[in-house]
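Dumped run_34.json below, it's JSON, C-alpha atoms:
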```json
[["chain", "number", "residue", "atom", "x", "y", "z"],
["A", 331, "MET", "CA", -220.55, 121.03, 122.20],
["A", 332, "ALA", "CA", -222.50, 121.41, 125.45],
["A", 333, "HIS", "CA", -221.85, 124.35, 127.74],
["A", 334, "ASN", "CA", -222.48, 125.49, 131.28],
["A", 335, "LEU", "CA", -221.65, 129.15, 130.69],
["A", 336, "SER", "CA", -223.73, 131.76, 132.46],
["A", 337, "LEU", "CA", -223.59, 135.11, 130.66],
["A", 338, "HIS", "CA", -224.35, 138.22, 132.66],
["A", 339, "GLY", "CA", -223.04, 141.65, 133.60],
["A", 340, "ILE", "CA", -220.94, 144.12, 131.66],
["A", 341, "HIS", "CA", -218.27, 142.94, 129.24],
["A", 342, "VAL", "CA", -215.95, 145.59, 127.81],
["A", 343, "PRO", "CA", -214.87, 145.04, 124.17],
["A", 344, "LEU", "CA", -211.41, 146.48, 124.55],
["A", 345, "VAL", "CA", -209.92, 148.91, 122.07],
["A", 346, "THR", "CA", -206.51, 148.02, 120.66],
["A", 347, "PRO", "CA", -204.12, 150.80, 121.68],
["A", 348, "PHE", "CA", -201.24, 151.66, 119.37],
["A", 349, "THR", "CA", -197.81, 153.13, 120.01],
["A", 350, "ARG", "CA", -196.61, 156.24, 118.21],
["A", 351, "VAL", "CA", -195.00, 154.05, 115.54],
["A", 352, "GLY", "CA", -198.20, 152.07, 114.99],
["A", 353, "ASP", "CA", -197.48, 148.86, 116.88],
["A", 354, "VAL", "CA", -199.91, 147.31, 119.38],
["A", 355, "ALA", "CA", -199.30, 148.97, 122.75],
["A", 356, "ALA", "CA", -199.44, 145.80, 124.84],
["A", 357, "ASP", "CA", -198.73, 147.50, 128.17],
["A", 358, "ALA", "CA", -201.55, 149.99, 127.65],
["A", 359, "LEU", "CA", -203.91, 147.18, 126.65],
["A", 360, "GLU", "CA", -203.03, 145.25, 129.80],
["A", 361, "ALA", "CA", -203.60, 148.32, 131.96],
["A", 362, "LEU", "CA", -206.98, 148.97, 130.33],
["A", 363, "ALA", "CA", -208.05, 145.39, 130.96],
["A", 364, "HIS", "CA", -207.10, 145.57, 134.62],
["A", 365, "GLN", "CA", -208.80, 148.94, 135.11],
["A", 366, "VAL", "CA", -212.19, 147.96, 133.69],
["A", 367, "LEU", "CA", -212.14, 144.81, 135.82],
["A", 368, "ASP", "CA", -211.17, 146.87, 138.87],
["A", 369, "ASP", "CA", -214.14, 149.11, 138.14],
["A", 370, "GLY", "CA", -216.70, 146.31, 138.06],
["A", 371, "ALA", "CA", -216.74, 144.74, 134.60],
["A", 372, "THR", "CA", -217.63, 141.05, 134.62],
["A", 373, "GLY", "CA", -215.33, 140.30, 131.72],
["A", 374, "ILE", "CA", -213.53, 141.62, 128.69],
["A", 375, "VAL", "CA", -213.87, 140.94, 124.99],
["A", 376, "ALA", "CA", -210.79, 140.82, 122.77],
["A", 377, "LEU", "CA", -210.87, 141.31, 119.00],
["A", 378, "GLY", "CA", -214.35, 142.74, 118.75],
["A", 379, "THR", "CA", -215.32, 145.47, 116.30],
["A", 380, "THR", "CA", -214.20, 148.02, 118.89],
["A", 381, "GLY", "CA", -210.80, 146.32, 118.95],
["A", 382, "GLU", "CA", -210.36, 146.94, 115.21],
["A", 383, "ALA", "CA", -209.84, 143.23, 114.65],
["A", 384, "ALA", "CA", -210.33, 143.65, 110.90],
["A", 385, "GLY", "CA", -207.34, 146.00, 110.83],
["A", 386, "LEU", "CA", -204.94, 143.71, 112.73],
["A", 387, "ASP", "CA", -202.74, 141.03, 111.24],
["A", 388, "GLU", "CA", -202.60, 137.52, 112.68],
["A", 389, "ALA", "CA", -199.57, 138.20, 114.88],
["A", 390, "GLU", "CA", -201.24, 141.29, 116.31],
["A", 391, "ARG", "CA", -204.46, 139.41, 116.97],
["A", 392, "ASP", "CA", -202.48, 136.72, 118.79],
["A", 393, "LEU", "CA", -200.68, 139.36, 120.84],
["A", 394, "VAL", "CA", -203.97, 140.99, 121.88],
["A", 395, "THR", "CA", -205.51, 137.64, 122.77],
["A", 396, "GLY", "CA", -202.46, 136.62, 124.77],
["A", 397, "VAL", "CA", -202.42, 139.84, 126.80],
["A", 398, "CYS", "CA", -206.13, 139.56, 127.58],
["A", 399, "ALA", "CA", -205.78, 135.87, 128.44],
["A", 400, "ARG", "CA", -203.04, 136.64, 130.94],
["A", 401, "VAL", "CA", -205.11, 139.34, 132.63],
["A", 402, "CYS", "CA", -208.18, 137.14, 132.86],
["A", 403, "ARG", "CA", -206.14, 134.26, 134.24],
["A", 404, "GLU", "CA", -204.73, 136.53, 136.94],
["A", 405, "ARG", "CA", -208.11, 138.05, 137.76],
["A", 406, "GLY", "CA", -210.37, 135.03, 137.37],
["A", 407, "ALA", "CA", -212.44, 137.07, 134.90],
["A", 408, "MET", "CA", -214.32, 135.95, 131.84],
["A", 409, "LEU", "CA", -212.60, 136.34, 128.46],
["A", 410, "THR", "CA", -214.55, 136.32, 125.22],
["A", 411, "VAL", "CA", -212.71, 136.55, 121.90],
["A", 412, "GLY", "CA", -214.09, 137.67, 118.58],
["A", 413, "ALA", "CA", -213.69, 135.00, 115.92],
["A", 414, "GLY", "CA", -215.38, 133.78, 112.79],
["A", 415, "ALA", "CA", -215.65, 134.66, 109.12],
["A", 416, "GLY", "CA", -218.21, 134.90, 106.35],
["A", 417, "GLY", "CA", -217.53, 131.31, 105.31],
["A", 418, "THR", "CA", -218.22, 128.38, 107.60],
["A", 419, "ARG", "CA", -214.91, 126.59, 107.02],
["A", 420, "ALA", "CA", -212.90, 129.75, 107.62],
["A", 421, "ALA", "CA", -214.93, 130.53, 110.73],
["A", 422, "GLY", "CA", -214.34, 127.04, 112.05],
["A", 423, "ALA", "CA", -210.60, 127.42, 111.53],
["A", 424, "ALA", "CA", -210.59, 130.75, 113.37],
["A", 425, "LEU", "CA", -212.42, 129.18, 116.28],
["A", 426, "GLY", "CA", -210.03, 126.26, 116.36],
["A", 427, "ARG", "CA", -207.11, 128.62, 116.97],
["A", 428, "LEU", "CA", -208.67, 129.70, 120.26],
["A", 429, "ALA", "CA", -207.66, 126.38, 121.80],
["A", 430, "GLN", "CA", -204.18, 127.90, 122.25],
["A", 431, "TRP", "CA", -205.52, 129.98, 125.13],
["A", 432, "PRO", "CA", -207.29, 127.94, 127.84],
["A", 433, "GLU", "CA", -208.46, 131.19, 129.46],
["A", 434, "VAL", "CA", -210.88, 131.88, 126.59],
["A", 435, "ARG", "CA", -214.37, 131.11, 127.86],
["A", 436, "ALA", "CA", -216.48, 132.05, 124.83],
["A", 437, "ALA", "CA", -216.22, 133.19, 121.22],
["A", 438, "LEU", "CA", -218.15, 136.13, 119.83],
["A", 439, "VAL", "CA", -219.10, 135.17, 116.27],
["A", 440, "THR", "CA", -220.94, 137.39, 113.82],
["A", 441, "VAL", "CA", -223.78, 136.23, 111.67],
["A", 442, "PRO", "CA", -222.18, 135.71, 108.21],
["A", 443, "SER", "CA", -221.76, 139.14, 106.66],
["A", 444, "PHE", "CA", -222.39, 140.10, 103.02],
["A", 445, "VAL", "CA", -223.31, 136.50, 102.09],
["A", 446, "ARG", "CA", -226.82, 136.86, 103.53],
["A", 447, "PRO", "CA", -227.59, 133.12, 103.58],
["A", 448, "GLY", "CA", -231.08, 133.44, 105.08],
["A", 449, "ALA", "CA", -232.24, 132.21, 108.46],
["A", 450, "ALA", "CA", -231.85, 128.51, 107.57],
["A", 451, "GLY", "CA", -228.31, 129.10, 106.31],
["A", 452, "VAL", "CA", -227.37, 131.02, 109.44],
["A", 453, "LEU", "CA", -228.73, 128.17, 111.58],
["A", 454, "ALA", "CA", -226.71, 125.61, 109.62],
["A", 455, "HIS", "CA", -223.60, 127.81, 109.89],
["A", 456, "PHE", "CA", -223.80, 128.05, 113.67],
["A", 457, "ALA", "CA", -224.76, 124.40, 114.10],
["A", 458, "ARG", "CA", -221.53, 123.42, 112.35],
["A", 459, "LEU", "CA", -219.46, 125.95, 114.30],
["A", 460, "ALA", "CA", -220.88, 124.76, 117.61],
["A", 461, "GLU", "CA", -219.73, 121.23, 116.73],
["A", 462, "VAL", "CA", -216.11, 122.25, 116.11],
["A", 463, "SER", "CA", -215.59, 125.17, 118.51],
["A", 464, "PRO", "CA", -213.48, 124.57, 121.62],
["A", 465, "VAL", "CA", -215.60, 127.11, 123.52],
["A", 466, "PRO", "CA", -219.27, 128.14, 123.68],
["A", 467, "LEU", "CA", -220.48, 130.62, 121.08],
["A", 468, "VAL", "CA", -222.08, 134.02, 121.52],
["A", 469, "VAL", "CA", -223.91, 134.95, 118.33],
["A", 470, "TYR", "CA", -223.24, 138.54, 117.29],
["A", 471, "HIS", "CA", -226.47, 139.78, 115.72],
["A", 472, "ILE", "CA", -225.80, 143.14, 114.08],
["A", 473, "PRO", "CA", -227.85, 143.33, 110.88],
["A", 474, "TYR", "CA", -226.87, 146.88, 109.97],
["A", 475, "ARG", "CA", -223.30, 145.58, 109.53],
["A", 476, "THR", "CA", -223.92, 142.05, 108.25],
["A", 477, "GLY", "CA", -226.88, 142.76, 105.95],
["A", 478, "GLN", "CA", -228.64, 139.71, 107.42],
["A", 479, "PRO", "CA", -231.65, 140.48, 109.65],
["A", 480, "LEU", "CA", -232.96, 137.68, 111.85],
["A", 481, "ASP", "CA", -236.32, 137.61, 113.58],
["A", 482, "ALA", "CA", -237.00, 136.39, 117.10],
["A", 483, "ALA", "CA", -237.87, 132.88, 115.91],
["A", 484, "ALA", "CA", -234.53, 132.55, 114.09],
["A", 485, "LEU", "CA", -232.57, 133.81, 117.09],
["A", 486, "ARG", "CA", -234.51, 131.47, 119.35],
["A", 487, "ALA", "CA", -233.60, 128.55, 117.10],
["A", 488, "LEU", "CA", -229.94, 129.52, 117.36],
["A", 489, "GLY", "CA", -230.30, 129.66, 121.13],
["A", 490, "GLU", "CA", -231.55, 126.08, 121.20],
["A", 491, "LEU", "CA", -228.35, 124.78, 119.60],
["A", 492, "PRO", "CA", -226.00, 122.97, 122.01],
["A", 493, "GLY", "CA", -222.91, 125.10, 122.37],
["A", 494, "VAL", "CA", -224.61, 128.45, 121.77],
["A", 495, "ALA", "CA", -224.68, 130.36, 125.06],
["A", 496, "GLY", "CA", -226.18, 133.69, 124.06],
["A", 497, "VAL", "CA", -226.48, 136.56, 121.64],
["A", 498, "LYS", "CA", -224.98, 140.01, 121.54],
["A", 499, "TYR", "CA", -228.07, 141.83, 120.32],
["A", 500, "ALA", "CA", -227.34, 144.92, 118.27],
["A", 501, "GLY", "CA", -230.51, 145.30, 116.25],
["A", 502, "GLY", "CA", -230.31, 149.07, 115.96],
["A", 503, "GLY", "CA", -233.16, 149.72, 118.38],
["A", 504, "VAL", "CA", -235.72, 148.08, 120.63],
["A", 505, "GLY", "CA", -238.38, 146.84, 118.26],
["A", 506, "GLU", "CA", -240.95, 144.09, 118.02],
["A", 507, "GLU", "CA", -238.40, 141.33, 117.44],
["A", 508, "ALA", "CA", -236.33, 142.29, 120.49],
["A", 509, "VAL", "CA", -239.43, 142.29, 122.64],
["A", 510, "ALA", "CA", -240.53, 138.92, 121.27],
["A", 511, "LEU", "CA", -237.10, 137.36, 121.78],
["A", 512, "LEU", "CA", -236.74, 138.55, 125.37],
["A", 513, "GLY", "CA", -240.28, 137.42, 126.10],
["A", 514, "GLY", "CA", -239.43, 133.76, 125.44],
["A", 515, "LEU", "CA", -235.77, 132.79, 125.71],
["A", 516, "PRO", "CA", -234.56, 129.19, 125.46],
["A", 517, "ASP", "CA", -233.20, 127.76, 128.70],
["A", 518, "GLY", "CA", -229.58, 128.72, 129.25],
["A", 519, "PHE", "CA", -229.57, 131.30, 126.46],
["A", 520, "ALA", "CA", -228.76, 134.89, 127.43],
["A", 521, "VAL", "CA", -229.19, 138.19, 125.63],
["A", 522, "LEU", "CA", -226.44, 140.77, 126.04],
["A", 523, "ALA", "CA", -227.16, 144.28, 124.81],
["A", 524, "GLY", "CA", -224.88, 145.25, 121.96],
["A", 525, "ASP", "CA", -226.14, 148.71, 121.00],
["A", 526, "ASP", "CA", -224.83, 151.00, 123.73],
["A", 527, "LEU", "CA", -227.59, 153.56, 123.28],
["A", 528, "TYR", "CA", -230.30, 150.94, 123.94],
["A", 529, "ALA", "CA", -228.55, 148.97, 126.67],
["A", 530, "SER", "CA", -230.80, 150.12, 129.50],
["A", 531, "PRO", "CA", -234.12, 149.43, 127.70],
["A", 532, "LEU", "CA", -232.91, 145.96, 126.72],
["A", 533, "MET", "CA", -231.92, 145.21, 130.31],
["A", 534, "ALA", "CA", -235.32, 146.45, 131.45],
["A", 535, "LEU", "CA", -236.87, 143.84, 129.14],
["A", 536, "GLY", "CA", -234.65, 141.06, 130.45],
["A", 537, "ALA", "CA", -231.20, 141.27, 128.86],
["A", 538, "ALA", "CA", -228.63, 139.84, 131.27],
["A", 539, "GLY", "CA", -226.07, 142.57, 130.65],
["A", 540, "GLY", "CA", -224.17, 144.03, 127.75],
["A", 541, "VAL", "CA", -221.06, 144.08, 125.60],
["A", 542, "LEU", "CA", -220.59, 147.83, 125.53],
["A", 543, "ALA", "CA", -217.76, 149.93, 124.09],
["A", 544, "SER", "CA", -218.97, 152.89, 126.17],
["A", 545, "ALA", "CA", -218.11, 150.92, 129.32],
["A", 546, "HIS", "CA", -214.43, 151.70, 128.81],
["A", 547, "LEU", "CA", -215.59, 154.90, 130.53],
["A", 548, "ALA", "CA", -217.81, 155.06, 133.62],
["A", 549, "THR", "CA", -217.36, 151.29, 133.93],
["A", 550, "ALA", "CA", -218.63, 151.28, 137.50],
["A", 551, "ARG", "CA", -221.80, 153.10, 136.44],
["A", 552, "TYR", "CA", -222.51, 150.52, 133.74],
["A", 553, "ALA", "CA", -221.98, 147.73, 136.24],
["A", 554, "GLU", "CA", -224.34, 149.54, 138.61],
["A", 555, "LEU", "CA", -226.91, 149.85, 135.82],
["A", 556, "ALA", "CA", -226.86, 146.11, 135.16],
["A", 557, "ALA", "CA", -227.13, 145.37, 138.88],
["A", 558, "ALA", "CA", -230.01, 147.82, 139.34],
["A", 559, "TRP", "CA", -232.10, 146.19, 136.60],
["A", 560, "ARG", "CA", -231.21, 142.74, 137.91],
["A", 561, "VAL", "CA", -232.55, 143.48, 141.41],
["A", 562, "GLY", "CA", -235.47, 145.60, 140.21],
["A", 563, "ASP", "CA", -234.27, 149.00, 141.44],
["A", 564, "VAL", "CA", -236.22, 150.79, 138.72],
["A", 565, "PRO", "CA", -235.73, 154.43, 139.81],
["A", 566, "ARG", "CA", -231.96, 154.01, 140.01],
["A", 567, "ALA", "CA", -231.79, 152.06, 136.75],
["A", 568, "ARG", "CA", -233.87, 154.65, 134.87],
["A", 569, "ALA", "CA", -231.76, 157.57, 136.03],
["A", 570, "LEU", "CA", -228.50, 155.80, 135.24],
["A", 571, "GLY", "CA", -229.81, 154.57, 131.92],
["A", 572, "HIS", "CA", -230.70, 158.03, 130.70],
["A", 573, "ALA", "CA", -227.35, 159.51, 131.74],
["A", 574, "LEU", "CA", -225.37, 156.67, 130.18],
["A", 575, "ALA", "CA", -227.39, 156.84, 126.96],
["A", 576, "ARG", "CA", -226.34, 160.48, 126.59],
["A", 577, "LEU", "CA", -222.71, 159.43, 127.08],
["A", 578, "SER", "CA", -223.06, 156.64, 124.51],
["A", 579, "ALA", "CA", -224.59, 158.99, 121.96],
["A", 580, "ALA", "CA", -221.55, 161.27, 122.31],
["A", 581, "LEU", "CA", -219.10, 158.36, 122.08],
["A", 582, "PHE", "CA", -220.71, 157.13, 118.85],
["A", 583, "ALA", "CA", -220.89, 160.56, 117.19],
["A", 584, "GLU", "CA", -218.09, 159.35, 114.89],
["A", 585, "PRO", "CA", -217.30, 155.78, 113.80],
["A", 586, "ASN", "CA", -216.44, 153.48, 116.70],
["A", 587, "PRO", "CA", -213.88, 153.34, 118.32],
["A", 588, "ALA", "CA", -212.56, 156.76, 117.26],
["A", 589, "VAL", "CA", -214.22, 158.84, 119.99],
["A", 590, "VAL", "CA", -213.62, 156.24, 122.71],
["A", 591, "LYS", "CA", -209.94, 156.23, 121.81],
["A", 592, "GLY", "CA", -209.86, 160.01, 121.76],
["A", 593, "VAL", "CA", -211.26, 160.17, 125.29],
["A", 594, "LEU", "CA", -208.95, 157.43, 126.58],
["A", 595, "HIS", "CA", -205.98, 159.31, 125.13],
["A", 596, "ALA", "CA", -207.16, 162.58, 126.68],
["A", 597, "GLN", "CA", -207.29, 160.76, 130.03],
["A", 598, "GLY", "CA", -203.74, 159.47, 129.54],
["A", 599, "ARG", "CA", -204.86, 155.83, 129.44],
["A", 600, "ILE", "CA", -203.56, 155.04, 125.93],
["A", 601, "PRO", "CA", -200.48, 156.51, 124.17],
["A", 602, "THR", "CA", -202.22, 157.80, 121.04],
["A", 603, "PRO", "CA", -205.78, 158.25, 119.74],
["A", 604, "ASP", "CA", -204.77, 156.47, 116.52],
["A", 605, "VAL", "CA", -207.03, 154.08, 114.63],
["A", 606, "ARG", "CA", -206.23, 151.98, 111.58],
["A", 607, "LEU", "CA", -207.29, 153.13, 108.13],
["A", 608, "PRO", "CA", -209.94, 153.31, 106.78],
["A", 609, "LEU", "CA", -211.01, 154.64, 110.19],
["A", 610, "LEU", "CA", -209.84, 158.13, 111.07],
["A", 611, "PRO", "CA", -209.15, 159.67, 114.50],
["A", 612, "ALA", "CA", -212.07, 161.55, 116.05],
["A", 613, "GLY", "CA", -212.25, 165.33, 115.77],
["A", 614, "GLY", "CA", -211.52, 167.41, 118.82],
["A", 615, "ALA", "CA", -215.09, 168.65, 119.13],
["A", 616, "ALA", "CA", -216.44, 165.09, 119.37],
["A", 617, "VAL", "CA", -213.92, 164.19, 122.06],
["A", 618, "SER", "CA", -214.69, 167.35, 124.02],
["A", 619, "ALA", "CA", -218.42, 166.66, 123.87],
["A", 620, "ALA", "CA", -217.89, 163.11, 125.11],
["A", 621, "LEU", "CA", -215.75, 164.32, 128.00],
["A", 622, "GLU", "CA", -218.52, 166.74, 128.98],
["A", 623, "ARG", "CA", -221.08, 163.92, 128.97],
["A", 624, "LEU", "CA", -218.74, 161.73, 130.98],
["A", 625, "ALA", "CA", -218.46, 164.42, 133.64],
["A", 626, "GLU", "CA", -222.26, 164.36, 134.01],
["A", 627, "VAL", "CA", -222.51, 160.64, 134.73]]
```
File written out as structure tokens:
Amino acid sequence: MAHNLSLHGIHVPLVTPFTRVGDVAADALEALAHQVLDDGATGIVALGTTGEAAGLDEAERDLVTGVCARVCRERGAMLTVGAGAGGTRAAGAALGRLAQWPEVRAALVTVPSFVRPGAAGVLAHFARLAEVSPVPLVVYHIPYRTGQPLDAAALRALGELPGVAGVKYAGGGVGEEAVALLGGLPDGFAVLAGDDLYASPLMALGAAGGVLASAHLATARYAELAAAWRVGDVPRARALGHALARLSAALFAEPNPAVVKGVLHAQGRIPTPDVRLPLLPAGGAAVSAALERLAEV
């Protein structure tokens, strides 16, 4: 499918709050979505890794998507939803379900994990998904989770597919391939930073924004960071980038989203700090350290 989607700014991949009996806390999720949009986020992402999508059943995933769709309809904000699977047919079916929510503007789809089909297989996978998806695709490149590294040439080829709007780039650093990719992007193809710690350097190189779990907190500062790089305010962007990187390091001291949830609970924004097994709640020291870093931003 063709697309006219312009990706930019800060998109918050919302956590999934739980009640004390373990159900999805829909009211808390709705409040979180409104707050990050109030504070300057361009959009929200439902059912990302931070949202513990792998730990939710289908009814829970539909509930989360419906809540986020309602908020984005009310606010005129962009909604991206995580979808996909390791197999192409299953991924296509997951994407097809998104047609239930007309507010969904894009789908965040991981490179096939565990299968490791090679660059040609990944290209064929996304070419097929772009044909059947009701919305444009954002490729989620995160090789330390999927086991499938892709170089700049492979990502550029994905970006040339009709229906692929951008990539969430979480390469685990800012290396040669990131520099090469950002130095020659296909028309209409955007890079969004996906590793919170390296968001500022990627924006300095030309990333249009980020999908950042850390932006649940200090959302306005992350929005300011993206704006500063966009207009070339280098002194402001550098100072913000360093401060926010320290916050991100603290928030990822334990497996995501445990520390983020711990801080949100400490702030009274979600009912519990609970995560779904096999994840475990963050220790008190990690939450305290993150709160200290947050106070410095």
d(atom CA of Leu515 of chain A, atom CA of Gly451 of chain A) in Å: 21.1 Å
For Gly502 of chain A, the nearest of the candidates A:Ala529, A:Ala423, A:Leu488, A:Ile374, counting all atoms listed in the file: A:Ala529
Residues within 10 Å of Leu453 of chain A, all atoms listed in the file, excluding chain neighbours under 5 positions, as a PDB file with C-alpha atoms, keeping the file's coordinate frame:
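Produced file selection12.pdb, reproduced below:
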```pdb
ATOM      1  CA  VAL A 441    -223.780 136.230 111.670  1.00  0.00           C
ATOM      2  CA  PRO A 447    -227.590 133.120 103.580  1.00  0.00           C
ATOM      3  CA  GLY A 448    -231.080 133.440 105.080  1.00  0.00           C
ATOM      4  CA  ARG A 458    -221.530 123.420 112.350  1.00  0.00           C
ATOM      5  CA  LEU A 459    -219.460 125.950 114.300  1.00  0.00           C
ATOM      6  CA  ALA A 484    -234.530 132.550 114.090  1.00  0.00           C
ATOM      7  CA  LEU A 485    -232.570 133.810 117.090  1.00  0.00           C
ATOM      8  CA  ALA A 487    -233.600 128.550 117.100  1.00  0.00           C
ATOM      9  CA  LEU A 488    -229.940 129.520 117.360  1.00  0.00           C
ATOM     10  CA  GLY A 489    -230.300 129.660 121.130  1.00  0.00           C
ATOM     11  CA  LEU A 491    -228.350 124.780 119.600  1.00  0.00           C
TER      12      LEU A 491
END
```
Contacts of segment 427-434 of chain A at 10 Å (all atoms listed in the file; same-chain gap of 4+ positions) as a PyMOL selection string: chain A and resi 375-376+392+395-396+398-404+406-413+422-423+463-466
Please produce a file of those selected residues containing C-alpha atoms, as a PDB file, in the frame of the given file.
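File again-v1.pdb, as written:
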```
ATOM      1  CA  VAL A 375    -213.870 140.940 124.990  1.00  0.00           C
ATOM      2  CA  ALA A 376    -210.790 140.820 122.770  1.00  0.00           C
ATOM      3  CA  ASP A 392    -202.480 136.720 118.790  1.00  0.00           C
ATOM      4  CA  THR A 395    -205.510 137.640 122.770  1.00  0.00           C
ATOM      5  CA  GLY A 396    -202.460 136.620 124.770  1.00  0.00           C
ATOM      6  CA  CYS A 398    -206.130 139.560 127.580  1.00  0.00           C
ATOM      7  CA  ALA A 399    -205.780 135.870 128.440  1.00  0.00           C
ATOM      8  CA  ARG A 400    -203.040 136.640 130.940  1.00  0.00           C
ATOM      9  CA  VAL A 401    -205.110 139.340 132.630  1.00  0.00           C
ATOM     10  CA  CYS A 402    -208.180 137.140 132.860  1.00  0.00           C
ATOM     11  CA  ARG A 403    -206.140 134.260 134.240  1.00  0.00           C
ATOM     12  CA  GLU A 404    -204.730 136.530 136.940  1.00  0.00           C
ATOM     13  CA  GLY A 406    -210.370 135.030 137.370  1.00  0.00           C
ATOM     14  CA  ALA A 407    -212.440 137.070 134.900  1.00  0.00           C
ATOM     15  CA  MET A 408    -214.320 135.950 131.840  1.00  0.00           C
ATOM     16  CA  LEU A 409    -212.600 136.340 128.460  1.00  0.00           C
ATOM     17  CA  THR A 410    -214.550 136.320 125.220  1.00  0.00           C
ATOM     18  CA  VAL A 411    -212.710 136.550 121.900  1.00  0.00           C
ATOM     19  CA  GLY A 412    -214.090 137.670 118.580  1.00  0.00           C
ATOM     20  CA  ALA A 413    -213.690 135.000 115.920  1.00  0.00           C
ATOM     21  CA  GLY A 422    -214.340 127.040 112.050  1.00  0.00           C
ATOM     22  CA  ALA A 423    -210.600 127.420 111.530  1.00  0.00           C
ATOM     23  CA  SER A 463    -215.590 125.170 118.510  1.00  0.00           C
ATOM     24  CA  PRO A 464    -213.480 124.570 121.620  1.00  0.00           C
ATOM     25  CA  VAL A 465    -215.600 127.110 123.520  1.00  0.00           C
ATOM     26  CA  PRO A 466    -219.270 128.140 123.680  1.00  0.00           C
TER      27      PRO A 466
END
```
Which residue of A:Gly562, A:Leu624, A:Gly514, A:Leu547 approaches Ala482 of chain A most closely, using only C-alpha atoms: A:Gly514
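Atom CA of Ala615 of chain A to atom CA of Ala575 of chain A spans 18.8 Å [interatomic distance, one decimal].
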Point-to-point distance from atom CA of Phe582 of chain A to atom CA of Leu467 of chain A, Å rounded to tenths: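 Taking atom CA of Phe582 of chain A as the start and atom CA of Leu467 of chain A as the end point, the length is 26.6 Å.
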Selection: 6 Å around segment 576-578 of chain A, all atoms listed in the file, excl. self and same-chain fewer than 6 positions, as a PyMOL selection string: chain A and resi 526-527+544+623
